[in-house]
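Trainee: Take this structure first; my questions come after.
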Amino acid sequence: MSSVETLQDLTQQLGPRLQLRWLTASPAASRPLRGVAPTTGAHSPVGSLNCIHPNRLQVIGPAEVLYLAGLGRTAYQETLDSLFAAQPAAVLFTDSIDPGPDFRSWADRTGTPLLGSPLPDREILRHLQHFLTHALAERTTVHGVFMEVLGMGVLLTGDPAIGKSELALDLITRGHRLIADDAPEFANIAPEVLTGTCPPLLRDFLEVRGLGILNIRAMFGEGAVRESKVLNLVIRLRALSSEELAGIDRLAGTLSVRRILGVAVPEITMPVAPGRHMAILVEAAARNQVLRIRGYDAGADFAERQTRAVTGVRAGQAPARGGE
């Protein structure tokens with residue numbers, strides 16, 4: 001998705017699809033979609049008429065027109081005053097609605113652009129909310145290789161030359177898919193949800209030391225790459241000393257949490273050593289994470305089985321009560 005920061009960016013990208021047209025002159029200066037006031041960040045970028053928590057794009061459809069028509073003259077003027085005082089990026093009229101002289105007068109006085117579309121308000125809102133949720137989401141770039149492994153979004157991280165790209169290439173040959181090498185970009189599109197994509201310049205490419213730059217799409221076909229994926233697991237590759245290996249919890253492993261844009265993502269530290277088949281281990285980690293998401297923990301299950309064995313209680317059998 002191309003960068004969308006201003007009203008002009010929005011109309012350029014979605015204008016033809018939503019049949020947008022300028023009802024006032026196209027603004028010469030950029031109209032930011034994020035707003036300029038400190039409080040605007042908490043408001044929705046687009047929505048129906050709302051003067052309490054103003055939207056950056058105020059949408060006026062048939063329901064809003066009926067509401068405004070039912071107001072007294074004083075309340076009507078106060079509503080328009082509040083609407084334009086919030087300095088929206090634009091006011092968008094759907095269903096081929098004509099703004100009327102009052103809206104045009106306020107727009108001229110405040111320099112607020114008016115847009116129109118013949119499409120119904122529900123369709124306009126659905127497209128704009130989906131588009132702007134992704135376009136305006138908070139983003140960050142994390143060094144690593146982002147892969148889809150068994151349907152899971154897996155980020156491979158680690159020190160330079162630890163073997164991330166070689167591992168990614170091994171996974172690709174086993175049928176998994178590359179999303180981004182070196183600089184995947186993650187966006188917080190919903191609470192506790194991060195979506196990873198690849199910068200356009202790096203798309204389809206994987207750098208492998210000794211081989212140079214490889215075009216994965218050209219080498220392995222369309223099915224070897226993917227445009228985006230939700231991040232489910234981070235695997236951190238590390239060369240551990242014998243003391244560090246001995247200190248790993250035998251039941252829980254190295255599972256921890258890494259925070260990216262405030263979202264907690266499960267992270268596993270994967271020891272790198274000669275003779276370890278890393279691709280198989282990554283597949284196993286992805287499968288195990290699927291089980292965790294479903295509520296199953298193999299370590300807890302094993303510990304419980306040991307407890308039952310020690311106490312002599314069989315699986316599914318209640319312990320005997322005293323005196324029975």
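Ordering of the structure tokens sets the chain letters (A, B, ...); residue numbers start at 1 within each chain; ligands are numbered from 1 in the order shown.
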Among segment 17-258 of chain A, which residues does DSSP mark as strand (DSSP E or B) when it is run on the backbone? Keep the chain and numbering as in the structure and answer as JSON, numbers by chain.
Mentor: {"A": [21, 22, 32, 46, 47, 48, 57, 58, 59, 60, 90, 91, 92, 93, 114, 115, 116, 138, 139, 140, 141, 144, 145, 146, 147, 148, 149, 152, 153, 154, 155, 156, 157, 158, 177, 178, 179, 180, 181, 182, 185, 186, 187, 188, 189, 190, 193, 194, 195, 196, 197, 205, 206, 207, 208, 212, 213, 214, 215, 225, 228, 229, 230, 231, 232, 233, 234, 235, 236, 237, 238, 249, 253, 255, 256, 257, 258]}
Trainee: Using only C-alpha atoms, which residues sit within 12 Å of Glu166 of chain A once same-chain residues fewer than 5 positions away are excluded, as a VMD selection string?
Mentor: chain A and resid 145 156 160 to 161 171 to 173 181 206 to 212 214 237 277 to 279
Trainee: For the residues selected in the previous step, produce a file with N, CA and C atoms as a tab-separated table (two decimals), in the first residue's frame.
Mentor:
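Generated output (part_14.tsv):
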```tsv
chain	number	residue	atom	x	y	z
A	145	VAL	N	14.08	-11.71	8.76
A	145	VAL	CA	13.42	-12.30	7.60
A	145	VAL	C	12.04	-12.75	8.04
A	156	LEU	N	12.22	-14.33	11.62
A	156	LEU	CA	13.54	-14.85	11.99
A	156	LEU	C	14.47	-13.67	12.27
A	160	PRO	N	23.92	-10.39	12.66
A	160	PRO	CA	24.36	-10.55	11.26
A	160	PRO	C	25.19	-11.81	11.08
A	161	ALA	N	25.00	-12.49	9.95
A	161	ALA	CA	25.75	-13.70	9.58
A	161	ALA	C	25.43	-14.89	10.47
A	171	LEU	N	13.77	-23.06	4.18
A	171	LEU	CA	12.32	-23.14	4.40
A	171	LEU	C	11.55	-22.98	3.09
A	172	ILE	N	12.03	-22.10	2.22
A	172	ILE	CA	11.36	-21.89	0.93
A	172	ILE	C	11.41	-23.17	0.10
A	173	THR	N	12.55	-23.85	0.09
A	173	THR	CA	12.66	-25.10	-0.67
A	173	THR	C	11.76	-26.19	-0.09
A	181	ASP	N	12.60	-9.87	3.33
A	181	ASP	CA	13.96	-10.09	3.81
A	181	ASP	C	14.55	-8.77	4.27
A	206	LEU	N	15.82	-12.02	-1.82
A	206	LEU	CA	16.46	-12.58	-0.63
A	206	LEU	C	17.96	-12.56	-0.84
A	207	GLU	N	18.69	-11.98	0.10
A	207	GLU	CA	20.15	-11.94	0.00
A	207	GLU	C	20.74	-13.11	0.78
A	208	VAL	N	21.54	-13.92	0.10
A	208	VAL	CA	22.20	-15.07	0.72
A	208	VAL	C	23.70	-14.91	0.51
A	209	ARG	N	24.44	-14.90	1.59
A	209	ARG	CA	25.89	-14.71	1.48
A	209	ARG	C	26.52	-15.80	0.61
A	210	GLY	N	27.32	-15.37	-0.33
A	210	GLY	CA	27.96	-16.28	-1.27
A	210	GLY	C	27.20	-16.42	-2.56
A	211	LEU	N	25.87	-16.25	-2.51
A	211	LEU	CA	25.05	-16.33	-3.73
A	211	LEU	C	24.61	-14.96	-4.21
A	212	GLY	N	24.61	-13.98	-3.33
A	212	GLY	CA	24.17	-12.65	-3.71
A	212	GLY	C	22.67	-12.50	-3.56
A	214	LEU	N	18.89	-13.08	-4.64
A	214	LEU	CA	18.06	-14.06	-5.35
A	214	LEU	C	16.64	-13.52	-5.48
A	237	LEU	N	17.61	-16.39	16.48
A	237	LEU	CA	18.73	-17.32	16.31
A	237	LEU	C	19.93	-16.82	17.10
A	277	HIS	N	19.25	-29.28	12.38
A	277	HIS	CA	18.45	-29.00	11.18
A	277	HIS	C	17.47	-27.89	11.52
A	278	MET	N	17.88	-26.65	11.26
A	278	MET	CA	17.13	-25.49	11.71
A	278	MET	C	15.75	-25.39	11.07
A	279	ALA	N	15.63	-25.77	9.80
A	279	ALA	CA	14.32	-25.67	9.14
A	279	ALA	C	13.29	-26.57	9.81
```
